[in-house]
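Take a look at the structure below.
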Amino acid sequence: MIAEACGYMPLEPMDITINGIMTASMTISGVYLALRAWKMKNIALAFLSAAMLSFFSTILVNIVFPPDMIFPRSVAAANYAIFLVLFTKHAFYKDKKSIFKIVSTTVVILRAVHFTEMNLLGFAAPSYIPITPSQLGWYYFHLVVLTSQLAIAFSWLGFAALNEHVAMKAETVEPWVRNRYLVIGTAYALFAIASLAYFIVPTDGLALGSPDAFLANVIIVPTVVAHSALSLLAWTMPGWFKRLLNAGKPSRAAPERQEIFEAVSKDVQDRAITTPELMNVIDYIGGKLASKLNKSPGAVKGLFLMAIDKELGELGLYTVNLSKLILVTNNSLKNLLMDIGIDGAEAIVADLARDLVKNQSLLLMMSI
């Protein structure tokens with residue numbers, strides 16, 4: 001798991017198995033998320049997809065270039081930590097106070113040091129060449145640089161997801177949405193633990209195949225496998241897994257077009273592009289707005305759809321993201337509310353905009 005991050009193909013069967021499982025998980029998830037990012041024009045998903053596909057690119061570079069060609073391997077090594085930090089920022093903390101500057105600066109500096117020391121020292125982690133006593137200091141320096149950037153990036157995403165899992169208690173959402181945060185948080189916390197466990201991998205050149213690697217295998221193998229499985233399921237969310245996360249309750253069907261399009265002109269209906277996931281987003285936002293207006297949810301959801309169409313055009317519903325939703329709320333929605341004589345329209349849309357920023361990751365989780 002760390003070996004390919006350092007730019008060396010693993011030699012032991014256990015390493016090959018672990019890397020194969022993780023590469024398959026990240027590649028499948030990365031391709032799926034890339035398609036979703038393209039269709040939704042969503043920068044957060046693009047960063048997450050890039051993080052996962054960069055893992056595959058590292059493996060590919062390791063296959064193409066032999067171990068003594070350090071430079072191309074160092075270029076491809078561990079870039080997914082940077083992309084993951086960017087995803088966490090855009091998915092959870094856009095327009096919100098966060099430690100993004102500290103985290104991103106730290107990870108970028110560590111990545112630069114990692115690139116430099118790889119070219120100067122040429123260490124791999126785990127090492128398939130015995131580390132002599134005189135080399136141990138530099139080898140563990142290499143481990144600190146590598147694992148720190150991974151642990152920071154994965155821990156920040158894990159923390160953000162677990163924090164949202166707790167916060168969702170106050171929101172009216174289905175159990176699978178809230179539990180999805182729990183799965184993501186657990187998966188990325190496990191990866192952080194697994195990366196730190198490489199400090200106990202023997203340095204005799206046999207890595208996880210060493211007779212002294214029992215404890216390392218006990219920690220690394222199950223955590224990496226669990227991370228790979230949970231991450232794949234959390235991001236692709238197959239139907240059976242969604243039902244499982246829904247705590248045995250039947251999933252609420254996506255809102256019917258008839259309900260959403262109540263009081264919406266036929267012209268808007270004909271031009272609207274909808275999917276169940278995105279209709280769930282409109283359903284959630286419309287419900288929030290309906291509670292503020294004390295109006296029928298169906299009519300209010302239709303009103304919000306009209307605002308999207310007016311502000312963004314026919315592709316608006318299919319490219320929903322936080323920035324566009326804020327734009328729709330502050331402009332077209334406010335104007336529509338004023339046109340139909342809603343008192344305090346400005347205060348209502350300002351309150352809704354704050355809700356959207358606060359729950360920005362929820363909108364993403366419901367649309368992928």
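So you can find residues: chains in the structure tokens are A, B, ... in the order shown, residues in each start at 1, and ligands are numbered from 1 in order.
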Item checked: Residues within 7 Å of region 278-294 of chain A, only C-alpha atoms, excluding chain neighbours under 5 positions, as a VMD selection string -> chain A and resid 254 to 255 300 to 301 304 348 352 363 366 to 367
Could the residues in this selection be saved with N, CA, C and O atoms as a PDB file, in the first residue's frame?
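Output file selection_15.pdb follows:
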ATOM      1  N   ALA A 254     -37.459   8.413  -4.812  1.00  0.00           N
ATOM      2  CA  ALA A 254     -37.185   9.774  -5.265  1.00  0.00           C
ATOM      3  C   ALA A 254     -38.510  10.453  -5.565  1.00  0.00           C
ATOM      4  O   ALA A 254     -39.457   9.819  -6.034  1.00  0.00           O
ATOM      5  N   PRO A 255     -38.626  11.736  -5.287  1.00  0.00           N
ATOM      6  CA  PRO A 255     -39.885  12.432  -5.505  1.00  0.00           C
ATOM      7  C   PRO A 255     -40.372  12.298  -6.939  1.00  0.00           C
ATOM      8  O   PRO A 255     -39.586  12.340  -7.874  1.00  0.00           O
ATOM      9  N   VAL A 300     -43.498  24.435  -3.583  1.00  0.00           N
ATOM     10  CA  VAL A 300     -42.239  25.140  -3.321  1.00  0.00           C
ATOM     11  C   VAL A 300     -41.086  24.482  -4.069  1.00  0.00           C
ATOM     12  O   VAL A 300     -40.201  25.167  -4.593  1.00  0.00           O
ATOM     13  N   LYS A 301     -41.094  23.155  -4.145  1.00  0.00           N
ATOM     14  CA  LYS A 301     -40.052  22.464  -4.913  1.00  0.00           C
ATOM     15  C   LYS A 301     -40.139  22.856  -6.386  1.00  0.00           C
ATOM     16  O   LYS A 301     -39.117  23.053  -7.050  1.00  0.00           O
ATOM     17  N   PHE A 304     -38.612  26.246  -6.787  1.00  0.00           N
ATOM     18  CA  PHE A 304     -37.147  26.228  -6.802  1.00  0.00           C
ATOM     19  C   PHE A 304     -36.629  25.720  -8.146  1.00  0.00           C
ATOM     20  O   PHE A 304     -35.629  26.213  -8.673  1.00  0.00           O
ATOM     21  N   ILE A 348     -35.443  35.345   3.942  1.00  0.00           N
ATOM     22  CA  ILE A 348     -35.694  33.913   3.725  1.00  0.00           C
ATOM     23  C   ILE A 348     -34.593  33.295   2.869  1.00  0.00           C
ATOM     24  O   ILE A 348     -34.059  32.228   3.197  1.00  0.00           O
ATOM     25  N   LEU A 352     -31.794  30.468   3.770  1.00  0.00           N
ATOM     26  CA  LEU A 352     -31.648  29.251   2.976  1.00  0.00           C
ATOM     27  C   LEU A 352     -30.211  29.104   2.475  1.00  0.00           C
ATOM     28  O   LEU A 352     -29.653  27.996   2.478  1.00  0.00           O
ATOM     29  N   LEU A 363     -25.587  17.797   0.096  1.00  0.00           N
ATOM     30  CA  LEU A 363     -26.090  17.927  -1.272  1.00  0.00           C
ATOM     31  C   LEU A 363     -25.286  17.043  -2.218  1.00  0.00           C
ATOM     32  O   LEU A 363     -25.837  16.435  -3.142  1.00  0.00           O
ATOM     33  N   MET A 366     -26.082  13.216  -1.656  1.00  0.00           N
ATOM     34  CA  MET A 366     -27.371  12.792  -2.190  1.00  0.00           C
ATOM     35  C   MET A 366     -27.394  12.755  -3.711  1.00  0.00           C
ATOM     36  O   MET A 366     -28.325  12.215  -4.301  1.00  0.00           O
ATOM     37  N   SER A 367     -26.375  13.336  -4.350  1.00  0.00           N
ATOM     38  CA  SER A 367     -26.408  13.436  -5.812  1.00  0.00           C
ATOM     39  C   SER A 367     -25.418  12.511  -6.508  1.00  0.00           C
ATOM     40  O   SER A 367     -25.299  12.536  -7.727  1.00  0.00           O
TER      41      SER A 367
END
Next item on the list: Taking the chain letters and numbering used in this document, name the residues of region 128-243 of chain A that DSSP puts in helix (DSSP H, G or I), as a PyMOL selection string.
Entry: chain A and resi 133-170+175-200+207-209+214-236+239-243
Next item on the list: Excluding region 354-361 of chain A and any residue of its chain fewer than 2 positions from it, enumerate the residues within 7 Å of it, using only C-alpha atoms, and give them as a PyMOL selection string.
Entry: chain A and resi 91-92+95+322+350-352+363-365
Notebook entry, point to check: For Val349 (chain A), which residue out of A:Leu208, A:Leu325, A:Ala46, A:Val225 is the nearest one, using only C-alpha atoms?
Noted result: A:Leu325
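Summary of the local environment: counting only C-alpha atoms, residues at most 8 Å from region 199-204 of chain A, other than itself and those fewer than 5 positions away along its chain, are Pro126, Ser127, Tyr128, Ile129, Pro130, Ile131, Tyr140, Leu143, Ser210, Asp212, Ala213, Leu215 and Ala216 of chain A.
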Okay, now the selection with all heavy atoms, as an mmCIF file, in the first residue's frame?
data_model
loop_
_atom_site.group_PDB
_atom_site.id
_atom_site.type_symbol
_atom_site.label_atom_id
_atom_site.label_comp_id
_atom_site.auth_asym_id
_atom_site.auth_seq_id
_atom_site.Cartn_x
_atom_site.Cartn_y
_atom_site.Cartn_z
ATOM 1 N N PRO A 126 7.481 -0.407 1.959
ATOM 2 C CA PRO A 126 8.564 -1.068 2.690
ATOM 3 C C PRO A 126 9.754 -1.346 1.775
ATOM 4 O O PRO A 126 9.617 -1.364 0.558
ATOM 5 C CB PRO A 126 7.912 -2.360 3.167
ATOM 6 C CG PRO A 126 6.883 -2.655 2.125
ATOM 7 C CD PRO A 126 6.345 -1.312 1.712
ATOM 8 N N SER A 127 10.901 -1.567 2.371
ATOM 9 C CA SER A 127 12.122 -1.740 1.588
ATOM 10 C C SER A 127 12.325 -3.204 1.212
ATOM 11 O O SER A 127 12.160 -4.100 2.039
ATOM 12 C CB SER A 127 13.328 -1.248 2.387
ATOM 13 O OG SER A 127 14.514 -1.469 1.655
ATOM 14 N N TYR A 128 12.682 -3.423 -0.050
ATOM 15 C CA TYR A 128 13.008 -4.768 -0.514
ATOM 16 C C TYR A 128 14.517 -4.957 -0.636
ATOM 17 O O TYR A 128 14.983 -5.925 -1.222
ATOM 18 C CB TYR A 128 12.297 -5.042 -1.842
ATOM 19 C CG TYR A 128 10.801 -5.049 -1.649
ATOM 20 C CD1 TYR A 128 10.057 -3.901 -1.876
ATOM 21 C CD2 TYR A 128 10.154 -6.178 -1.172
ATOM 22 C CE1 TYR A 128 8.697 -3.888 -1.650
ATOM 23 C CE2 TYR A 128 8.796 -6.174 -0.943
ATOM 24 C CZ TYR A 128 8.068 -5.028 -1.186
ATOM 25 O OH TYR A 128 6.722 -5.017 -0.944
ATOM 26 N N ILE A 129 15.227 -4.012 -0.086
ATOM 27 C CA ILE A 129 16.678 -4.108 0.059
ATOM 28 C C ILE A 129 16.967 -3.936 1.545
ATOM 29 O O ILE A 129 16.438 -3.015 2.170
ATOM 30 C CB ILE A 129 17.403 -3.014 -0.747
ATOM 31 C CG1 ILE A 129 17.085 -3.158 -2.237
ATOM 32 C CG2 ILE A 129 18.909 -3.077 -0.515
ATOM 33 C CD1 ILE A 129 17.641 -2.031 -3.083
ATOM 34 N N PRO A 130 17.754 -4.810 2.152
ATOM 35 C CA PRO A 130 18.029 -4.675 3.589
ATOM 36 C C PRO A 130 18.576 -3.288 3.934
ATOM 37 O O PRO A 130 19.441 -2.756 3.234
ATOM 38 C CB PRO A 130 19.062 -5.771 3.847
ATOM 39 C CG PRO A 130 18.820 -6.784 2.774
ATOM 40 C CD PRO A 130 18.424 -5.989 1.563
ATOM 41 N N ILE A 131 18.040 -2.714 4.988
ATOM 42 C CA ILE A 131 18.493 -1.404 5.454
ATOM 43 C C ILE A 131 19.581 -1.622 6.507
ATOM 44 O O ILE A 131 19.355 -2.300 7.515
ATOM 45 C CB ILE A 131 17.331 -0.599 6.063
ATOM 46 C CG1 ILE A 131 16.191 -0.459 5.052
ATOM 47 C CG2 ILE A 131 17.817 0.772 6.525
ATOM 48 C CD1 ILE A 131 16.540 0.294 3.808
ATOM 49 N N TYR A 140 13.916 6.020 8.155
ATOM 50 C CA TYR A 140 12.750 6.417 8.948
ATOM 51 C C TYR A 140 12.361 7.876 8.684
ATOM 52 O O TYR A 140 11.185 8.242 8.820
ATOM 53 C CB TYR A 140 12.999 6.157 10.433
ATOM 54 C CG TYR A 140 12.853 4.693 10.783
ATOM 55 C CD1 TYR A 140 13.952 3.934 11.163
ATOM 56 C CD2 TYR A 140 11.615 4.068 10.686
ATOM 57 C CE1 TYR A 140 13.822 2.582 11.452
ATOM 58 C CE2 TYR A 140 11.472 2.720 10.975
ATOM 59 C CZ TYR A 140 12.571 1.982 11.353
ATOM 60 O OH TYR A 140 12.429 0.646 11.624
ATOM 61 N N LEU A 143 10.132 7.501 5.825
ATOM 62 C CA LEU A 143 8.819 7.031 6.265
ATOM 63 C C LEU A 143 7.995 8.158 6.876
ATOM 64 O O LEU A 143 6.789 8.260 6.632
ATOM 65 C CB LEU A 143 8.981 5.905 7.289
ATOM 66 C CG LEU A 143 9.124 4.477 6.766
ATOM 67 C CD1 LEU A 143 9.214 3.512 7.937
ATOM 68 C CD2 LEU A 143 7.969 4.100 5.859
ATOM 69 N N SER A 210 8.518 -10.998 5.514
ATOM 70 C CA SER A 210 9.497 -11.338 6.540
ATOM 71 C C SER A 210 8.860 -12.180 7.640
ATOM 72 O O SER A 210 7.696 -11.975 8.004
ATOM 73 C CB SER A 210 10.075 -10.058 7.153
ATOM 74 O OG SER A 210 10.862 -10.355 8.289
ATOM 75 N N ASP A 212 9.386 -11.850 10.577
ATOM 76 C CA ASP A 212 9.174 -10.939 11.707
ATOM 77 C C ASP A 212 8.057 -9.925 11.442
ATOM 78 O O ASP A 212 7.887 -8.976 12.210
ATOM 79 C CB ASP A 212 10.474 -10.174 12.009
ATOM 80 C CG ASP A 212 11.609 -11.103 12.407
ATOM 81 O OD1 ASP A 212 11.341 -12.080 13.131
ATOM 82 O OD2 ASP A 212 12.755 -10.850 11.980
ATOM 83 N N ALA A 213 7.308 -10.127 10.362
ATOM 84 C CA ALA A 213 6.296 -9.136 9.963
ATOM 85 C C ALA A 213 4.893 -9.503 10.431
ATOM 86 O O ALA A 213 3.914 -8.953 9.917
ATOM 87 C CB ALA A 213 6.305 -8.970 8.447
ATOM 88 N N LEU A 215 3.094 -8.858 13.193
ATOM 89 C CA LEU A 215 2.296 -7.754 13.722
ATOM 90 C C LEU A 215 1.928 -6.764 12.620
ATOM 91 O O LEU A 215 0.794 -6.275 12.559
ATOM 92 C CB LEU A 215 3.056 -7.039 14.841
ATOM 93 C CG LEU A 215 2.315 -5.871 15.513
ATOM 94 C CD1 LEU A 215 0.999 -6.349 16.116
ATOM 95 C CD2 LEU A 215 3.199 -5.222 16.583
ATOM 96 N N ALA A 216 2.880 -6.484 11.732
ATOM 97 C CA ALA A 216 2.603 -5.565 10.626
ATOM 98 C C ALA A 216 1.494 -6.108 9.735
ATOM 99 O O ALA A 216 0.595 -5.368 9.312
ATOM 100 C CB ALA A 216 3.873 -5.329 9.813
#
